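Chemist: For reference, the structure I am asking about is given below.
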Number of protein chains: 2
Amino acid sequence: MQLLEQTILKYGKVYAGDVLKVDSFLNHQVDVALLNKMGAELAGRFAGEGITKVLTLEASGIAVAIMAALSLGVKMVFAKKAKTSNSSSDVYTGRVHSYTRGKDFEIVVSKEYLGKDDNVLIVDDFLATGSALYGMIDIINQAGARLKGVGIAIEKGYQGGGDKLRGEGVRVESLAIIDKMSEDGIVFRG
Amino acid sequence: MQLLEQTILKYGKVYAGDVLKVDSFLNHQVDVALLNKMGAELAGRFAGEGITKVLTLEASGIAVAIMAALSLGVKMVFAKKAKTSNSSSDVYTGRVHSYTRGKDFEIVVSKEYLGKDDNVLIVDDFLATGSALYGMIDIINQAGARLKGVGIAIEKGYQGGGDKLRGEGVRVESLAIIDKMSEDGIVFRG
């Protein structure tokens with residue numbers, strides 16, 4: 001999506017440690033008009049897949065997920081980061097590794113909001129190694145629902161998570177795929 | 001807003017300890033079509049106020065705030081819950097008391113995204129004592145911006161935070177105000 005790539009080039013900031021800050025339009029301040037276009041673009045790519053629900057992870061995934069759900073005309077569910085270890089029978093749980101914080105955490109979705117009749121589109125702001133996605137896919141499988149695809153705002157292609165999922169047969173659509181990134185510049189996948 | 005009141009009556013669950021669970025449409029699963037209408041209603045109430053930015057607090061405020069910002073045609077900023085005590089000169093900080101967790105926490109907004117030219121509408125999902133709002137108002141004042149009003153999905157009127165703010169001259173618009181709530185039922189303000 002050219003508009004997103006241009007916005008990343010204009011406002012994104014690359015820092016040491018493989019950090020791309022997009023706080024000015026995605027992760028802190030939200031350019032809602034841009035997000036609306038991004039949501040519509042993702043919805044268009046998955047039109048005809050019979051999506052019944054969009055799934056994301058709080059907090060930074062919510063903005064783009066809600067816009068995709070708005071365009072698709074379906075409800076959105078955001079997995080919550082469990083504050084305490086959760087073995088309640090009312091929730092599905094998944095495990096996610098946080099590279100920034102160097103540890104695993106648990107995510108939960110209430111069994112009420114995901115079930116075997118659901119065709120799920122996962123939407124998230126970033127895709128790097130895919131750890132958050134595997135946690136959500138685990139939850140979708142527990143619910144007996146079907147994963148119809150993954151829609152991502154910005155994929156760090158060089159980290160391999162997206163291509164690993166594609167290799168496993170998951171349809172992954174990213175609005176911008178970064179193949180190379182340094183303080184000298186950003187190269188998008190062709 | 002009648003549609004929201006009806007949805008609360010139909011799907012909201014009241015638990016001991018003054019808990020209203022609206023997980024099925026607002027706080028975990030999000031009824032995006034309803035939220036879009038709520039955002040449009042809030043935007044309509046503050047039309048003509050020259051709003052330049054919507055401010056909310058992650059995570060549960062994001063959904064309704066983004067919809068209000070979409071209707072207003074402005075950007076949205078979500079204050080972040082600081083993971084560590086933050087005395088950086090790059091951020092404004094506010095303090096919020098969490099009654100559920102029984103302690104204070106710090107919220108931060110980057111100085112880049114709020115400034116003296118901004119007319120701010122705070123939007124949040126719940127208003128009870130108003131602690132989160134006072135934290136955000138503090139940040140707006142630090143930024144030299146103007147608070148034009150507060151738009152809320154569900155106000156627990158009997159907790160007094162909304163009326164206290166109104167008494168201080170803040171325009172508070174809530175889409176549903178609960179004046180009484182128990183496991184026997186919910187009474188909305190006339």
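Ordering of the structure tokens sets the chain letters (A, B, ...); residue numbers start at 1 within each chain; ligands are numbered from 1 in the order shown.
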Which residues are near Ile62 (chain B)? Cut-off 8 Å, only C-alpha atoms, ignore same chain within fewer than 3 positions. Put them as an MDAnalysis selection string.
Modeler: (chainID A and resid 62:63) or (chainID B and resid 56:59 65:66 78 124)
Chemist: Can you tell me, as JSON, numbers by chain, what residues are no more than 10 Å from Ala47 (chain B) when counting only C-alpha atoms, ignoring any on the same chain fewer than 4 positions away?
Modeler: {"B": [41, 42, 43, 51, 71, 72]}
Chemist: Which residues of chain B come within 6 Å of chain A, and what is each one's closest atom pair and distance in Å (one decimal), counting only C-alpha atoms, sorted by chain and residue number, as JSON lines?
Modeler:
```
{"residue": "B:His28", "atom": "CA", "partner": "A:Phe78", "partner_atom": "CA", "distance": 5.6}
{"residue": "B:Gln29", "atom": "CA", "partner": "A:Val77", "partner_atom": "CA", "distance": 4.1}
{"residue": "B:Val30", "atom": "CA", "partner": "A:Met76", "partner_atom": "CA", "distance": 5.1}
{"residue": "B:Asp31", "atom": "CA", "partner": "A:Lys75", "partner_atom": "CA", "distance": 5.1}
{"residue": "B:Val32", "atom": "CA", "partner": "A:Lys75", "partner_atom": "CA", "distance": 5.6}
{"residue": "B:Ala59", "atom": "CA", "partner": "A:Ala59", "partner_atom": "CA", "distance": 5.1}
{"residue": "B:Leu70", "atom": "CA", "partner": "A:Val32", "partner_atom": "CA", "distance": 5.9}
{"residue": "B:Lys75", "atom": "CA", "partner": "A:Asp31", "partner_atom": "CA", "distance": 5.1}
{"residue": "B:Met76", "atom": "CA", "partner": "A:Val30", "partner_atom": "CA", "distance": 5.1}
{"residue": "B:Val77", "atom": "CA", "partner": "A:Gln29", "partner_atom": "CA", "distance": 4.1}
{"residue": "B:Phe78", "atom": "CA", "partner": "A:His28", "partner_atom": "CA", "distance": 5.6}
```
Chemist: Store the residues of this selection in a file with N, CA, C and O atoms, as a tab-separated table (two decimals), in the first residue's frame.
Modeler:
```
chain	number	residue	atom	x	y	z
B	28	HIS	N	-14.07	-6.15	25.19
B	28	HIS	CA	-13.31	-7.35	24.85
B	28	HIS	C	-13.71	-7.76	23.43
B	28	HIS	O	-12.90	-7.71	22.51
B	29	GLN	N	-14.98	-8.08	23.26
B	29	GLN	CA	-15.54	-8.09	21.91
B	29	GLN	C	-16.07	-6.68	21.67
B	29	GLN	O	-16.66	-6.07	22.57
B	30	VAL	N	-15.85	-6.16	20.47
B	30	VAL	CA	-16.28	-4.80	20.16
B	30	VAL	C	-17.31	-4.84	19.03
B	30	VAL	O	-17.02	-5.34	17.94
B	31	ASP	N	-18.51	-4.35	19.32
B	31	ASP	CA	-19.55	-4.23	18.30
B	31	ASP	C	-19.23	-2.96	17.51
B	31	ASP	O	-19.62	-1.85	17.88
B	32	VAL	N	-18.49	-3.15	16.42
B	32	VAL	CA	-17.91	-2.02	15.71
B	32	VAL	C	-18.98	-1.11	15.11
B	32	VAL	O	-18.83	0.12	15.10
B	59	ALA	N	-6.10	0.68	27.36
B	59	ALA	CA	-6.38	0.09	26.07
B	59	ALA	C	-7.86	0.24	25.74
B	59	ALA	O	-8.22	0.43	24.59
B	70	LEU	N	-12.72	9.55	14.02
B	70	LEU	CA	-13.06	9.32	12.61
B	70	LEU	C	-14.18	10.26	12.18
B	70	LEU	O	-14.11	10.90	11.13
B	75	LYS	N	-7.04	13.57	14.38
B	75	LYS	CA	-6.20	12.49	14.88
B	75	LYS	C	-6.55	12.16	16.33
B	75	LYS	O	-7.14	12.97	17.04
B	76	MET	N	-6.18	10.96	16.71
B	76	MET	CA	-6.43	10.50	18.07
B	76	MET	C	-5.09	10.19	18.72
B	76	MET	O	-4.19	9.70	18.05
B	77	VAL	N	-4.96	10.53	19.99
B	77	VAL	CA	-3.75	10.18	20.74
B	77	VAL	C	-4.17	9.33	21.92
B	77	VAL	O	-5.11	9.70	22.64
B	78	PHE	N	-3.53	8.18	22.10
B	78	PHE	CA	-3.83	7.46	23.33
B	78	PHE	C	-2.66	7.55	24.30
B	78	PHE	O	-1.51	7.26	23.96
```
Chemist: Quick one: residues within 7 Å of Gly149 (chain A), only C-alpha atoms counted, chain neighbours fewer than 4 positions away excluded, as a list in words?
Modeler: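 Selected residues are Leu121, Ile122, Val170, Arg171 and Val172 of chain A.
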Chemist: Got time to write the residues from that selection, N, CA and C atoms, as a PDB file, in the first residue's frame?
Modeler:
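Below is the file result.pdb, written as the result:
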```pdb
ATOM      1  N   LEU A 121     -10.296 -13.413  10.804  1.00  0.00           N
ATOM      2  CA  LEU A 121      -9.162 -12.669  10.248  1.00  0.00           C
ATOM      3  C   LEU A 121      -8.398 -12.052  11.417  1.00  0.00           C
ATOM      4  N   ILE A 122      -7.146 -12.451  11.573  1.00  0.00           N
ATOM      5  CA  ILE A 122      -6.291 -11.804  12.571  1.00  0.00           C
ATOM      6  C   ILE A 122      -5.737 -10.523  11.971  1.00  0.00           C
ATOM      7  N   VAL A 170      -0.638 -20.291   5.646  1.00  0.00           N
ATOM      8  CA  VAL A 170      -1.491 -19.198   6.137  1.00  0.00           C
ATOM      9  C   VAL A 170      -1.404 -18.028   5.159  1.00  0.00           C
ATOM     10  N   ARG A 171      -2.557 -17.491   4.797  1.00  0.00           N
ATOM     11  CA  ARG A 171      -2.550 -16.321   3.919  1.00  0.00           C
ATOM     12  C   ARG A 171      -2.229 -15.078   4.754  1.00  0.00           C
ATOM     13  N   VAL A 172      -1.073 -14.485   4.496  1.00  0.00           N
ATOM     14  CA  VAL A 172      -0.642 -13.289   5.228  1.00  0.00           C
ATOM     15  C   VAL A 172      -0.591 -12.121   4.256  1.00  0.00           C
TER      16      VAL A 172
END
```
Chemist: Could you pull out the strand (DSSP E or B) residues of chain A, going by DSSP on the backbone, and write them as a PyMOL selection string?
Modeler: chain A and resi 13-15+19-21+29-30+53-57+75-81+91-98+103-110+119-127+146-156+172-182+185-188
Chemist: Can you tell me, as a PDB file with C-alpha atoms, in the first residue's frame, what residues are no more than 6 Å from region 1-17 of chain A when counting only C-alpha atoms, ignoring any on the same chain fewer than 5 positions away?
Modeler:
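Output file result_22.pdb follows:
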```pdb
ATOM      1  CA  VAL A  22       5.701   4.874  14.057  1.00  0.00           C
ATOM      2  CA  LEU A 175       0.245  -3.449   3.757  1.00  0.00           C
ATOM      3  CA  GLU A 183      19.365   4.246  10.234  1.00  0.00           C
TER       4      GLU A 183
END
```
Chemist: Using CA of Lys21 (chain B) and CA of Ser131 (chain A) as the two end points, give the distance in Å to one decimal.
Modeler: 29.5 Å
Chemist: Between CA of Gly94 (chain B) and CA of Asn119 (chain B), what is the spacing in Å?
Modeler: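 These two atoms are separated by 18.5 Å.
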Chemist: Hey, can you check how far CA of Lys156 (chain A) sits from CA of Leu20 (chain A)?
Modeler: 9.5 Å
Chemist: Might you pull out every residue within 10 Å of Ser88 (chain A), with only C-alpha atoms counted and same-chain residues fewer than 3 positions away left off, and present them as a PyMOL selection string?
Modeler: chain A and resi 85+91-93+108+110
Chemist: Can those selected residues be exported to a file as a CSV table (one decimal), in the first residue's frame so that it contains N, CA, C and O atoms?
Modeler:
```
chain,number,residue,atom,x,y,z
A,85,SER,N,-1.7,-15.4,35.9
A,85,SER,CA,-1.8,-16.7,35.2
A,85,SER,C,-3.2,-17.2,35.3
A,85,SER,O,-3.8,-17.2,36.3
A,91,VAL,N,-12.1,-19.1,29.5
A,91,VAL,CA,-11.2,-18.4,28.5
A,91,VAL,C,-10.3,-19.4,27.8
A,91,VAL,O,-9.9,-20.5,28.3
A,92,TYR,N,-10.0,-19.1,26.5
A,92,TYR,CA,-8.9,-19.7,25.8
A,92,TYR,C,-7.6,-18.9,26.1
A,92,TYR,O,-7.7,-17.7,26.2
A,93,THR,N,-6.5,-19.6,26.3
A,93,THR,CA,-5.3,-18.9,26.6
A,93,THR,C,-4.2,-19.3,25.5
A,93,THR,O,-4.2,-20.4,25.0
A,108,VAL,N,-5.5,-14.0,26.7
A,108,VAL,CA,-6.8,-14.7,26.9
A,108,VAL,C,-7.9,-14.1,26.0
A,108,VAL,O,-7.9,-12.9,25.7
A,110,SER,N,-12.2,-14.7,25.9
A,110,SER,CA,-13.3,-15.4,26.5
A,110,SER,C,-14.0,-16.4,25.5
A,110,SER,O,-14.1,-16.0,24.3
```
Chemist: Residues within 12 Å of Thr100 (chain B), please, as a compact mmCIF listing (two decimals) with N, CA, C and O atoms, in the first residue's frame. Count only C-alpha atoms; anything in the same chain fewer than 3 positions from it doesn't count.
Modeler:
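Written out: out.txt:
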```txt
# COMPACT_ATOMS: atom_id res chain seq x y z
N GLY B 17 -19.57 -5.77 43.84
CA GLY B 17 -18.38 -4.92 43.82
C GLY B 17 -18.49 -3.83 42.78
O GLY B 17 -17.47 -3.33 42.29
N ASP B 18 -19.73 -3.47 42.43
CA ASP B 18 -19.98 -2.36 41.51
C ASP B 18 -19.36 -2.59 40.13
O ASP B 18 -18.82 -1.68 39.51
N VAL B 19 -19.40 -3.84 39.67
CA VAL B 19 -18.81 -4.17 38.37
C VAL B 19 -19.91 -4.29 37.32
O VAL B 19 -20.88 -5.02 37.49
N VAL B 96 -2.86 8.41 37.68
CA VAL B 96 -4.22 7.87 37.71
C VAL B 96 -4.32 6.84 38.82
O VAL B 96 -3.40 6.03 39.01
N HIS B 97 -5.42 6.88 39.55
CA HIS B 97 -5.61 5.86 40.58
C HIS B 97 -6.50 4.75 40.02
O HIS B 97 -7.57 5.02 39.49
N LYS B 103 -4.06 0.90 43.36
CA LYS B 103 -2.82 1.69 43.38
C LYS B 103 -2.78 2.72 42.26
O LYS B 103 -3.57 2.65 41.32
N ASP B 104 -1.86 3.65 42.39
CA ASP B 104 -1.68 4.66 41.35
C ASP B 104 -0.81 4.13 40.22
O ASP B 104 0.03 3.26 40.44
N PHE B 105 -1.04 4.66 39.03
CA PHE B 105 -0.08 4.40 37.96
C PHE B 105 0.09 5.68 37.15
O PHE B 105 -0.70 6.62 37.26
N ALA B 128 -16.24 6.91 36.18
CA ALA B 128 -16.75 6.59 37.52
C ALA B 128 -16.34 7.73 38.45
O ALA B 128 -17.03 8.73 38.55
```
Chemist: May I have all residues of region 96-153 of chain B that DSSP, computed from the backbone, assigns to helix (DSSP H, G or I), given as a list of chain:residue names?
Modeler: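 Put together, the selection reads B:Lys111, B:Glu112, B:Tyr113, B:Ser131, B:Ala132, B:Leu133, B:Tyr134, B:Gly135, B:Met136, B:Ile137, B:Asp138, B:Ile139, B:Ile140, B:Asn141, B:Gln142, B:Ala143.
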Chemist: Using only C-alpha atoms, can you tell me which of B:Asp138, B:Val187, B:Phe126, B:Gly167 comes closest to Gly151 (chain B)?
Modeler: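 Looking only at the distances to Gly151 (chain B), the closest residue turns out to be B:Phe126.
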